[in-house]
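Heads up, upload.tsv below (TSV, C-alpha atoms):
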```
chain	number	residue	atom	x	y	z
A	291	MET	CA	24.28	-8.14	-7.25
A	292	ASN	CA	21.65	-10.60	-8.43
A	293	CYS	CA	18.36	-10.33	-6.52
A	294	LEU	CA	15.31	-12.58	-6.59
A	295	HIS	CA	12.10	-10.72	-5.77
A	296	LEU	CA	9.11	-12.76	-4.60
A	297	CYS	CA	6.13	-10.57	-5.35
A	298	ASN	CA	2.65	-11.85	-4.51
A	299	ASP	CA	0.81	-8.69	-5.62
A	300	TYR	CA	2.86	-7.64	-8.63
A	301	LEU	CA	-0.19	-7.50	-10.91
A	302	GLY	CA	-2.25	-5.58	-8.36
A	303	SER	CA	0.07	-2.76	-7.30
A	304	LYS	CA	2.34	-0.37	-9.19
A	305	VAL	CA	4.66	0.24	-6.24
A	306	HIS	CA	6.70	-2.89	-6.92
A	307	THR	CA	7.45	-1.92	-10.50
A	308	LEU	CA	8.52	1.56	-9.38
A	309	LEU	CA	10.90	0.08	-6.82
A	310	TYR	CA	12.41	-2.36	-9.32
A	311	ARG	CA	12.96	0.40	-11.88
A	312	HIS	CA	15.02	2.36	-9.38
A	313	LEU	CA	16.99	-0.69	-8.26
A	314	GLU	CA	17.87	-1.38	-11.89
A	315	LYS	CA	19.29	2.15	-12.17
A	316	LEU	CA	21.67	1.08	-9.39
A	317	ASN	CA	22.84	-1.87	-11.54
A	318	VAL	CA	20.97	-4.57	-9.63
A	319	ARG	CA	20.18	-7.64	-11.73
A	320	GLN	CA	16.68	-8.79	-10.81
A	321	THR	CA	14.27	-11.62	-11.38
A	322	VAL	CA	10.70	-11.09	-10.19
A	323	PHE	CA	8.80	-14.29	-9.40
A	324	VAL	CA	5.02	-13.70	-9.45
A	325	PRO	CA	2.38	-16.22	-8.25
A	326	LEU	CA	-0.29	-16.47	-10.94
A	327	ARG	CA	-3.89	-17.06	-9.81
A	328	GLN	CA	-6.68	-18.59	-11.85
A	329	GLY	CA	-8.54	-15.93	-13.83
A	330	LYS	CA	-5.49	-13.63	-13.98
A	331	GLU	CA	-3.90	-15.19	-17.05
A	332	GLN	CA	-5.11	-12.48	-19.42
A	333	LYS	CA	-4.01	-9.71	-17.07
A	334	ALA	CA	-0.57	-11.30	-16.86
A	335	SER	CA	-0.30	-11.49	-20.65
A	336	THR	CA	-1.40	-7.88	-21.21
A	337	HIS	CA	0.09	-6.26	-18.08
A	338	ASP	CA	2.61	-3.52	-18.77
A	339	TYR	CA	5.10	-5.09	-16.42
A	340	PHE	CA	8.71	-4.11	-16.07
A	341	HIS	CA	10.95	-6.26	-18.24
A	342	SER	CA	14.39	-5.17	-19.41
A	343	GLU	CA	17.93	-6.32	-20.02
A	344	ARG	CA	18.67	-6.62	-16.29
A	345	THR	CA	15.17	-7.35	-14.98
A	346	THR	CA	13.06	-10.40	-15.81
A	347	VAL	CA	9.52	-11.24	-14.70
A	348	VAL	CA	8.66	-14.93	-14.29
A	349	PHE	CA	5.13	-16.17	-13.52
A	350	SER	CA	4.40	-19.31	-11.55
A	351	SER	CA	2.28	-22.19	-12.76
A	352	ILE	CA	-1.38	-21.26	-12.27
A	353	LEU	CA	-2.49	-21.65	-8.67
A	354	LYS	CA	-5.58	-23.73	-7.91
A	355	HIS	CA	-8.63	-22.43	-6.06
A	356	TYR	CA	-7.95	-24.72	-3.10
A	357	HIS	CA	-4.58	-23.04	-2.56
A	358	ARG	CA	-6.47	-20.15	-0.95
A	359	VAL	CA	-7.19	-22.45	1.99
A	360	PHE	CA	-4.26	-24.86	2.00
A	361	PHE	CA	-1.41	-22.45	2.63
A	362	ARG	CA	1.41	-24.97	2.96
A	363	GLN	CA	0.37	-26.73	-0.23
A	364	LYS	CA	0.31	-23.38	-2.02
A	365	VAL	CA	3.84	-22.49	-0.97
A	366	ASN	CA	5.14	-25.97	-1.84
A	367	TYR	CA	3.49	-25.62	-5.26
A	368	LEU	CA	5.14	-22.22	-5.79
A	369	TYR	CA	8.48	-23.59	-4.61
A	370	ASP	CA	8.34	-26.37	-7.20
A	371	SER	CA	7.29	-23.91	-9.90
A	372	LEU	CA	10.09	-21.50	-9.05
A	373	THR	CA	12.87	-24.06	-8.79
A	374	SER	CA	11.81	-25.72	-12.05
A	375	GLN	CA	12.09	-22.41	-13.94
A	376	LEU	CA	15.07	-20.74	-12.25
A	377	ASP	CA	18.55	-21.74	-11.15
A	378	VAL	CA	18.26	-20.46	-7.60
A	379	ARG	CA	22.01	-20.81	-6.98
A	380	GLU	CA	22.61	-17.81	-9.28
A	381	PHE	CA	21.02	-15.38	-6.81
A	382	ASP	CA	22.79	-13.50	-4.03
A	383	ILE	CA	19.74	-12.48	-2.00
A	384	VAL	CA	15.96	-12.75	-1.90
A	385	SER	CA	13.47	-9.94	-1.23
A	386	ALA	CA	9.99	-11.08	-0.14
A	387	SER	CA	7.27	-8.47	-0.63
A	388	THR	CA	4.83	-10.00	1.91
A	389	LEU	CA	5.38	-11.71	5.24
A	390	TYR	CA	3.40	-14.91	4.77
A	391	SER	CA	3.00	-15.94	1.14
A	392	ASP	CA	6.33	-14.56	-0.10
A	393	GLY	CA	8.10	-14.83	3.24
A	394	PHE	CA	7.54	-18.57	3.68
A	395	LEU	CA	8.75	-19.20	0.13
A	396	ALA	CA	11.88	-17.17	0.94
A	397	PHE	CA	12.35	-19.22	4.11
A	398	LYS	CA	12.19	-22.48	2.15
A	399	LEU	CA	14.77	-21.19	-0.33
A	400	ASN	CA	16.99	-20.16	2.56
A	401	GLU	CA	16.60	-23.57	4.15
A	402	GLN	CA	17.56	-25.41	0.97
A	403	PHE	CA	20.02	-23.04	-0.71
A	404	LYS	CA	21.22	-20.83	2.19
A	405	LEU	CA	19.96	-17.72	0.39
A	406	PRO	CA	19.69	-14.73	2.76
A	407	TYR	CA	16.42	-12.82	2.58
A	408	ILE	CA	14.66	-9.67	3.73
A	409	VAL	CA	10.90	-9.61	4.20
A	410	ALA	CA	8.29	-6.82	4.09
A	411	VAL	CA	5.21	-6.72	6.31
A	412	ARG	CA	1.99	-5.32	4.87
A	413	SER	CA	-1.47	-4.67	6.22
A	414	SER	CA	-2.86	-7.89	4.71
A	415	ASP	CA	-0.29	-9.86	6.72
A	416	VAL	CA	-1.36	-8.28	10.00
A	417	ASP	CA	-5.10	-7.80	9.47
A	418	VAL	CA	-5.82	-11.02	7.58
A	419	PHE	CA	-3.22	-13.73	8.10
A	420	MET	CA	-2.29	-12.95	11.71
A	421	ARG	CA	-5.96	-12.59	12.62
A	422	VAL	CA	-7.61	-15.52	10.81
A	423	ARG	CA	-4.72	-18.01	10.53
A	424	PRO	CA	-3.40	-18.57	14.07
A	425	ASP	CA	-2.49	-22.09	12.89
A	426	LEU	CA	0.40	-20.52	10.98
A	427	VAL	CA	2.07	-18.97	14.02
A	428	ARG	CA	5.00	-21.44	13.99
A	429	ILE	CA	5.61	-20.67	10.32
A	430	LEU	CA	5.41	-16.95	11.12
A	431	HIS	CA	8.22	-17.23	13.66
A	432	LYS	CA	10.33	-19.38	11.35
A	433	ILE	CA	10.10	-16.68	8.68
A	434	LEU	CA	10.92	-13.84	11.07
A	435	ASN	CA	13.73	-15.62	12.91
A	436	SER	CA	15.56	-16.46	9.67
A	437	ALA	CA	15.00	-13.10	7.96
A	438	LYS	CA	17.96	-10.73	7.87
A	439	GLN	CA	15.72	-7.68	8.03
A	440	ILE	CA	12.02	-7.01	8.58
A	441	ILE	CA	10.66	-4.03	6.64
A	442	PHE	CA	7.45	-2.28	7.59
A	443	ILE	CA	5.80	-0.11	4.96
A	444	SER	CA	4.36	2.28	7.56
A	445	LYS	CA	4.46	3.06	11.26
A	446	GLY	CA	0.81	2.04	11.55
A	447	VAL	CA	1.50	-1.46	10.21
A	448	ARG	CA	4.48	-1.85	12.55
A	449	ASN	CA	2.43	-0.81	15.58
A	450	LYS	CA	-0.40	-3.22	14.72
A	451	PHE	CA	2.12	-6.01	14.12
A	452	PHE	CA	3.70	-5.72	17.57
A	453	ASP	CA	0.29	-5.26	19.20
A	454	ARG	CA	-0.68	-8.66	17.80
A	455	ILE	CA	2.57	-10.54	18.21
A	456	GLY	CA	3.78	-9.01	21.45
A	457	ASP	CA	6.92	-7.01	22.13
A	458	ASN	CA	9.70	-9.15	20.66
A	459	GLU	CA	13.06	-7.45	21.09
A	460	SER	CA	14.79	-9.60	18.48
A	461	TYR	CA	12.25	-8.63	15.81
A	462	ARG	CA	12.39	-4.96	16.77
A	463	LEU	CA	16.18	-4.86	16.49
A	464	LYS	CA	16.15	-6.10	12.90
A	465	SER	CA	13.14	-4.09	11.76
A	466	ARG	CA	12.90	-0.74	10.04
A	467	ILE	CA	10.34	1.39	8.22
A	468	ILE	CA	10.78	2.08	4.52
A	469	HIS	CA	7.78	3.84	3.01
A	470	ASN	CA	6.46	3.44	-0.47
A	471	GLY	CA	7.16	6.41	-2.71
A	472	ILE	CA	5.02	8.53	-4.97
A	473	ASP	CA	5.49	9.51	-8.59
A	474	ASN	CA	7.93	12.41	-8.98
A	475	PHE	CA	5.17	14.26	-10.84
A	476	TRP	CA	3.53	15.09	-7.50
A	477	LEU	CA	6.75	16.13	-5.78
A	478	ASP	CA	7.67	18.34	-8.74
A	479	ASN	CA	4.23	20.01	-8.78
A	480	ARG	CA	3.58	20.85	-5.15
A	481	HIS	CA	0.75	23.29	-4.60
A	482	HIS	CA	-0.35	25.20	-1.51
A	483	SER	CA	-4.00	25.91	-0.88
A	484	LEU	CA	-5.19	29.43	-0.21
A	485	THR	CA	-8.62	28.31	1.02
A	486	THR	CA	-9.65	29.66	4.42
A	487	LEU	CA	-13.16	28.14	4.58
A	488	PRO	CA	-12.82	24.55	3.39
A	489	LYS	CA	-16.03	22.84	2.33
A	490	ARG	CA	-14.94	20.64	-0.55
A	491	LEU	CA	-13.97	17.09	0.31
A	492	LEU	CA	-12.31	14.65	-2.08
A	493	TYR	CA	-11.88	10.88	-2.24
A	494	VAL	CA	-9.46	9.22	-4.70
A	495	GLY	CA	-9.07	5.46	-4.78
A	496	SER	CA	-10.58	2.08	-5.57
A	497	LEU	CA	-14.26	1.82	-4.70
A	498	ILE	CA	-13.91	-1.28	-2.56
A	499	LYS	CA	-15.39	-2.03	0.84
A	500	ARG	CA	-12.36	-1.42	3.05
A	501	LYS	CA	-11.84	2.06	1.57
A	502	ASN	CA	-15.11	3.08	3.25
A	503	ILE	CA	-16.63	5.22	0.54
A	504	ASP	CA	-20.19	4.25	1.55
A	505	ARG	CA	-19.79	5.46	5.16
A	506	THR	CA	-17.99	8.57	3.90
A	507	ILE	CA	-20.89	9.52	1.63
A	508	ARG	CA	-23.43	8.88	4.40
A	509	ALA	CA	-21.43	11.09	6.78
A	510	VAL	CA	-21.34	14.01	4.30
A	511	LEU	CA	-25.05	13.73	3.55
A	512	ALA	CA	-25.90	13.52	7.25
A	513	LEU	CA	-23.94	16.70	8.05
A	514	ASN	CA	-25.64	18.62	5.25
A	515	GLN	CA	-29.07	17.42	6.34
A	516	LYS	CA	-28.61	17.82	10.10
A	517	HIS	CA	-26.70	21.10	10.16
A	518	GLY	CA	-27.68	22.74	6.89
A	519	MET	CA	-24.06	22.65	5.77
A	520	ALA	CA	-23.02	23.00	2.14
A	521	LEU	CA	-20.35	20.31	1.99
A	522	SER	CA	-19.50	18.64	-1.29
A	523	LEU	CA	-17.72	15.35	-1.90
A	524	GLY	CA	-15.79	14.62	-5.08
A	525	ILE	CA	-15.10	10.96	-5.82
A	526	VAL	CA	-12.45	9.63	-8.22
A	527	GLY	CA	-12.15	5.90	-8.86
A	528	ASP	CA	-14.05	2.82	-9.89
A	529	GLY	CA	-14.74	-0.71	-8.71
A	530	GLY	CA	-17.63	-3.11	-9.10
A	531	TYR	CA	-20.57	-2.90	-6.71
A	532	PHE	CA	-19.57	0.33	-5.01
A	533	SER	CA	-19.09	2.05	-8.36
A	534	LYS	CA	-22.79	1.48	-9.06
A	535	LYS	CA	-23.66	2.65	-5.57
A	536	VAL	CA	-21.65	5.85	-5.96
A	537	ARG	CA	-23.34	6.54	-9.29
A	538	SER	CA	-26.70	6.13	-7.57
A	539	TYR	CA	-25.78	8.59	-4.81
A	540	ALA	CA	-24.45	11.09	-7.36
A	541	SER	CA	-27.67	10.93	-9.39
A	542	ARG	CA	-29.79	11.71	-6.32
A	543	PHE	CA	-27.65	14.20	-4.39
A	544	PRO	CA	-26.03	17.19	-6.16
A	545	GLU	CA	-23.35	17.50	-3.47
A	546	ILE	CA	-21.90	14.11	-4.50
A	547	ASN	CA	-19.75	14.54	-7.63
A	548	TYR	CA	-18.55	11.34	-9.26
A	549	PHE	CA	-15.66	11.80	-11.70
A	550	GLY	CA	-15.12	8.11	-12.46
A	551	LEU	CA	-11.68	6.66	-13.02
A	552	ILE	CA	-9.05	9.27	-13.94
A	553	GLN	CA	-5.54	8.14	-14.85
A	554	ASP	CA	-4.22	11.32	-16.44
A	555	LYS	CA	-2.08	12.95	-13.75
A	556	ASN	CA	-2.60	16.51	-14.99
A	557	GLU	CA	-6.37	16.07	-14.90
A	558	LEU	CA	-6.15	14.55	-11.44
A	559	LYS	CA	-3.91	17.41	-10.29
A	560	THR	CA	-6.60	19.90	-11.35
A	561	ILE	CA	-9.23	17.99	-9.37
A	562	TYR	CA	-7.05	17.88	-6.24
A	563	ARG	CA	-6.59	21.63	-6.43
A	564	GLN	CA	-10.35	22.18	-6.65
A	565	HIS	CA	-10.81	20.60	-3.20
A	566	ASP	CA	-9.74	21.34	0.34
A	567	ILE	CA	-9.77	18.12	2.40
A	568	PHE	CA	-8.85	14.59	1.34
A	569	ILE	CA	-10.97	11.93	3.03
A	570	MET	CA	-10.30	8.21	2.99
A	571	PRO	CA	-11.00	6.67	6.42
A	572	SER	CA	-10.09	3.17	5.26
A	573	TYR	CA	-9.23	0.11	7.30
A	574	ARG	CA	-6.66	-2.65	6.62
A	575	GLU	CA	-4.60	0.05	4.88
A	576	THR	CA	-0.88	-0.71	4.42
A	577	PHE	CA	0.07	2.80	3.40
A	578	GLY	CA	-2.04	4.76	0.91
A	579	LEU	CA	0.00	6.77	-1.58
A	580	VAL	CA	-3.00	8.95	-2.37
A	581	TYR	CA	-2.70	10.57	1.07
A	582	VAL	CA	0.76	11.83	0.13
A	583	GLU	CA	-0.41	12.89	-3.34
A	584	ALA	CA	-3.17	14.93	-1.69
A	585	LEU	CA	-0.69	16.61	0.66
A	586	THR	CA	1.44	17.70	-2.30
A	587	GLN	CA	-1.60	19.57	-3.62
A	588	GLY	CA	-2.36	21.38	-0.36
A	589	LEU	CA	-5.17	19.22	1.06
A	590	SER	CA	-5.43	18.23	4.71
A	591	LEU	CA	-6.37	14.63	5.56
A	592	ILE	CA	-9.07	12.55	7.23
A	593	ILE	CA	-7.75	9.03	7.81
A	594	GLY	CA	-8.64	5.80	9.60
A	595	ARG	CA	-7.22	5.65	13.13
A	596	GLY	CA	-4.29	3.24	13.38
A	597	GLU	CA	-4.20	2.70	9.62
A	598	GLY	CA	-1.91	3.60	6.73
A	599	VAL	CA	-0.19	6.92	7.35
A	600	ASP	CA	-1.38	7.29	10.97
A	601	GLY	CA	1.49	8.71	13.01
A	602	MET	CA	3.19	10.35	10.05
A	603	PHE	CA	1.22	13.54	9.41
A	604	ASP	CA	-0.49	14.17	12.74
A	605	GLU	CA	-0.33	17.95	12.40
A	606	VAL	CA	-2.45	17.91	9.22
A	607	ALA	CA	-4.51	14.72	9.64
A	608	VAL	CA	-7.71	14.01	11.55
A	609	LYS	CA	-8.01	10.36	12.69
A	610	VAL	CA	-11.38	8.66	12.94
A	611	ASN	CA	-12.85	5.27	13.75
A	612	PRO	CA	-13.41	3.92	10.22
A	613	PHE	CA	-16.30	1.70	11.32
A	614	SER	CA	-18.52	4.52	12.61
A	615	VAL	CA	-20.43	6.98	10.41
A	616	LYS	CA	-20.84	9.24	13.44
A	617	ALA	CA	-17.08	9.24	14.04
A	618	ILE	CA	-16.49	10.17	10.40
A	619	GLU	CA	-19.04	13.01	10.75
A	620	ASN	CA	-17.18	14.33	13.80
A	621	GLY	CA	-13.88	13.96	11.98
A	622	ILE	CA	-15.16	16.10	9.11
A	623	LEU	CA	-16.34	18.79	11.54
A	624	THR	CA	-12.91	18.79	13.19
A	625	ALA	CA	-11.12	18.98	9.84
A	626	LEU	CA	-13.23	21.97	8.76
A	627	THR	CA	-11.92	24.04	11.63
A	628	ALA	CA	-8.43	22.51	11.82
A	629	HIS	CA	-7.58	22.97	8.14
A	630	ASN	CA	-4.27	24.83	8.14
A	631	ALA	CA	-2.63	25.57	4.80
A	632	ALA	CA	0.54	26.84	6.51
A	633	GLU	CA	1.04	23.53	8.34
A	634	ILE	CA	0.49	21.52	5.14
A	635	GLU	CA	3.11	23.64	3.38
A	636	LYS	CA	5.67	22.68	6.05
A	637	VAL	CA	5.20	18.91	5.70
A	638	ASP	CA	8.47	17.29	4.57
A	639	LEU	CA	7.79	14.78	1.79
A	640	VAL	CA	11.38	13.99	0.85
A	641	ALA	CA	11.04	10.47	2.32
A	642	PHE	CA	8.60	9.58	-0.48
A	643	ASN	CA	11.06	10.04	-3.33
A	644	TRP	CA	11.48	6.68	-5.10
A	645	ALA	CA	15.11	7.39	-5.94
A	646	ASP	CA	16.00	7.63	-2.23
A	647	ILE	CA	13.82	4.64	-1.37
A	648	GLY	CA	15.57	2.61	-4.07
A	649	LYS	CA	18.93	3.52	-2.51
A	650	ASP	CA	17.69	2.41	0.93
A	651	TYR	CA	16.70	-0.99	-0.46
A	652	PHE	CA	19.94	-1.23	-2.41
A	653	GLU	CA	22.06	-0.64	0.70
A	654	LEU	CA	20.00	-3.22	2.57
A	655	LEU	CA	20.37	-5.85	-0.15
A	656	LYS	CA	24.08	-5.12	-0.51
A	657	LEU	CA	24.56	-5.51	3.26
A	658	TYR	CA	23.39	-9.13	3.26
A	659	LYS	CA	24.16	-10.41	-0.24
A	660	ASP	CA	27.53	-11.90	0.77
A	661	GLU	CA	26.06	-13.98	3.60
A	662	LYS	CA	25.01	-16.78	1.21
```
File written out as structure tokens:
Amino acid sequence: MNCLHLCNDYLGSKVHTLLYRHLEKLNVRQTVFVPLRQGKEQKASTHDYFHSERTTVVFSSILKHYHRVFFRQKVNYLYDSLTSQLDVREFDIVSASTLYSDGFLAFKLNEQFKLPYIVAVRSSDVDVFMRVRPDLVRILHKILNSAKQIIFISKGVRNKFFDRIGDNESYRLKSRIIHNGIDNFWLDNRHHSLTTLPKRLLYVGSLIKRKNIDRTIRAVLALNQKHGMALSLGIVGDGGYFSKKVRSYASRFPEINYFGLIQDKNELKTIYRQHDIFIMPSYRETFGLVYVEALTQGLSLIIGRGEGVDGMFDEVAVKVNPFSVKAIENGILTALTAHNAAEIEKVDLVAFNWADIGKDYFELLKLYKDEK
């Protein structure tokens, strides 16, 4: 099998590389086509991307700034770049990692070369494109109607998608959920908390706006000040403006502990085990692997309602409105009393093993590869 992956966010997310590694183990020949944006040239040249005997990564010509606005021009530009570098007729099937940017490119290849394709739907597709680009609705339906299979990364993304698009039976019939996986390190090192009075909260992730670290900090501080509680919040991560803001909070309030960016898994494992509740009430969240990592180390969850892993771990997760500090405060209070180590221990995390996820994708690709 020879698969062409269209991967819009290859430089920004490790999940794609992990998937491609496991597909290669199943003897899939792969070419990954990556759109290259202005300012990312150095990252592309130094990125530790997956490149082997059976897997090749190919970057597009550098996109222009105006391509952010002119969607059709962007996809036509990428189409020309792809077809000038690759002999598309060599491929059996195409896998598009996003609905719009990758999906429309897959549709154009299908239209010209009759290449079957599957397409994944992520939070950015639903919360950004479907919301702010209603002018692309005809393109959206072209992509979905021609796709062999529609993959949702989480139940929350699927629910939001059908809430926006309406209940389309045809799309439902050819859709399925395949989660992202986590590093085997976490599955091999599961830990069960013995804490009975949880007071230590932890955040792990990029310090960007939609992850809601600012509201989370304000909620913890408000509870300590209003109720004389002794909550602490550990923060792992970095990221521009909010990194400076977190440092400022940590310098003024002893209950805010900023660890900075930690990439060593053993060090991060130790930090997880020093805390009781994982809190990341983000919005526009496709999945959030850190939620699953936290569960492997015995932490319960506070998550954004309708986002990411909502609907998957209801017995150990408190859902909150991510846009309200008061709602996050109430969510923390609920989590303090609902924390149940026995329930966390029972959570089945087998579905997040990359080896099994790779096999799911492999069977899907194999199913449609002969329909060229």
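Minimum atom-to-atom distance to Leu430 of chain A, evaluated using all atoms listed in the file, belongs to A:Tyr461 out of A:His355, A:Val305, A:Met602, A:Tyr461.
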Between A:Ala386, A:Ile429, A:Ala540, A:Val422, single out the one closest to Phe442 of chain A, counting all atoms listed in the file.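 Checking each candidate against Phe442 of chain A, we get A:Ala386 as the closest.
Considering the residues A:Ile455, A:Ile525, A:Met570, A:Ala410 and counting all atoms listed in the file, His469 of chain A has its shortest atom-to-atom contact with A:Ala410.
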So which residues touch Val599 of chain A within 12 Å, counting only C-alpha atoms, skipping near sequence neighbours fewer than 5 positions away, as an MDAnalysis selection string? chainID A and resid 413 442:449 467 469:470 570:582 585 591:594 604 606:609
I want to know what sits within 12 Å of Leu326 of chain A, based on only C-alpha atoms, with residues of the same chain fewer than 2 positions away left out; could you give that as JSON, numbers by chain? {"A": [296, 297, 298, 299, 300, 301, 302, 323, 324, 328, 329, 330, 331, 332, 333, 334, 335, 347, 348, 349, 350, 351, 352, 353, 354, 355, 357, 364, 367, 368, 371, 372]}
Grab the atom CA of Ile618 of chain A to atom CA of Ile468 of chain A distance for me, in Å with one decimal place.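 About the pair atom CA of Ile618 of chain A and atom CA of Ile468 of chain A: they are 29.0 Å apart.
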Can you pull out the residues contacting Gly529 of chain A? Cut-off 6 Å, using all atoms listed in the file, and skip same-chain residues under 4 positions away; I want them as number ranges by chain. A: 496-497, 533
Can you pull out the residues contacting Gln564 of chain A? Cut-off 10 Å, using only C-alpha atoms, and skip same-chain residues under 2 positions away; I want them as a PyMOL selection string. chain A and resi 483+485+490-492+524+558-562+566-567+587+589
Take atom CA of Leu395 of chain A and atom CA of Leu463 of chain A and report the distance between them in Å, one decimal. 23.0 Å
Long-range neighbours of Leu316 of chain A as a list of chain:residue names, 12 Å cut-off, all atoms listed in the file, 3 positions minimum in chain: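 Near Leu316 of chain A, the qualifying residues are A:Met291, A:Asn292, A:Leu309, A:Tyr310, A:Arg311, A:His312, A:Leu313, A:Arg319, A:Gln320, A:Arg344, A:Ala645, A:Asp646, A:Ile647, A:Gly648, A:Lys649, A:Asp650, A:Tyr651, A:Phe652, A:Glu653, A:Leu655, A:Lys656.
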Please produce a file of the residues just selected, as a short mmCIF file (atom, residue, chain, number, x, y, z; two decimals), in the coordinates of the input, where the atoms kept are C-alpha atoms.
```cif
data_model
loop_
_atom_site.label_atom_id
_atom_site.label_comp_id
_atom_site.auth_asym_id
_atom_site.auth_seq_id
_atom_site.Cartn_x
_atom_site.Cartn_y
_atom_site.Cartn_z
CA MET A 291 24.28 -8.14 -7.25
CA ASN A 292 21.65 -10.60 -8.43
CA LEU A 309 10.90 0.08 -6.82
CA TYR A 310 12.41 -2.36 -9.32
CA ARG A 311 12.96 0.40 -11.88
CA HIS A 312 15.02 2.36 -9.38
CA LEU A 313 16.99 -0.69 -8.26
CA ARG A 319 20.18 -7.64 -11.73
CA GLN A 320 16.68 -8.79 -10.81
CA ARG A 344 18.67 -6.62 -16.29
CA ALA A 645 15.11 7.39 -5.94
CA ASP A 646 16.00 7.63 -2.23
CA ILE A 647 13.82 4.64 -1.37
CA GLY A 648 15.57 2.61 -4.07
CA LYS A 649 18.93 3.52 -2.51
CA ASP A 650 17.69 2.41 0.93
CA TYR A 651 16.70 -0.99 -0.46
CA PHE A 652 19.94 -1.23 -2.41
CA GLU A 653 22.06 -0.64 0.70
CA LEU A 655 20.37 -5.85 -0.15
CA LYS A 656 24.08 -5.12 -0.51
#
```
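For the atom pair formed by atom CA of Asp392 of chain A and atom CA of Trp644 of chain A, the distance is 22.4 Å, given to one decimal.
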Rank nothing, just name the residue among A:Lys499, A:Arg423, A:Lys534, A:Lys432 nearest to Val359 of chain A, using only C-alpha atoms.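 Using only C-alpha atoms, Val359 of chain A sits closest to A:Arg423.
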Judged by only C-alpha atoms, the minimum distance to Ser465 of chain A among A:Arg428, A:Ile507, A:Arg563, A:Leu654 is found for A:Leu654
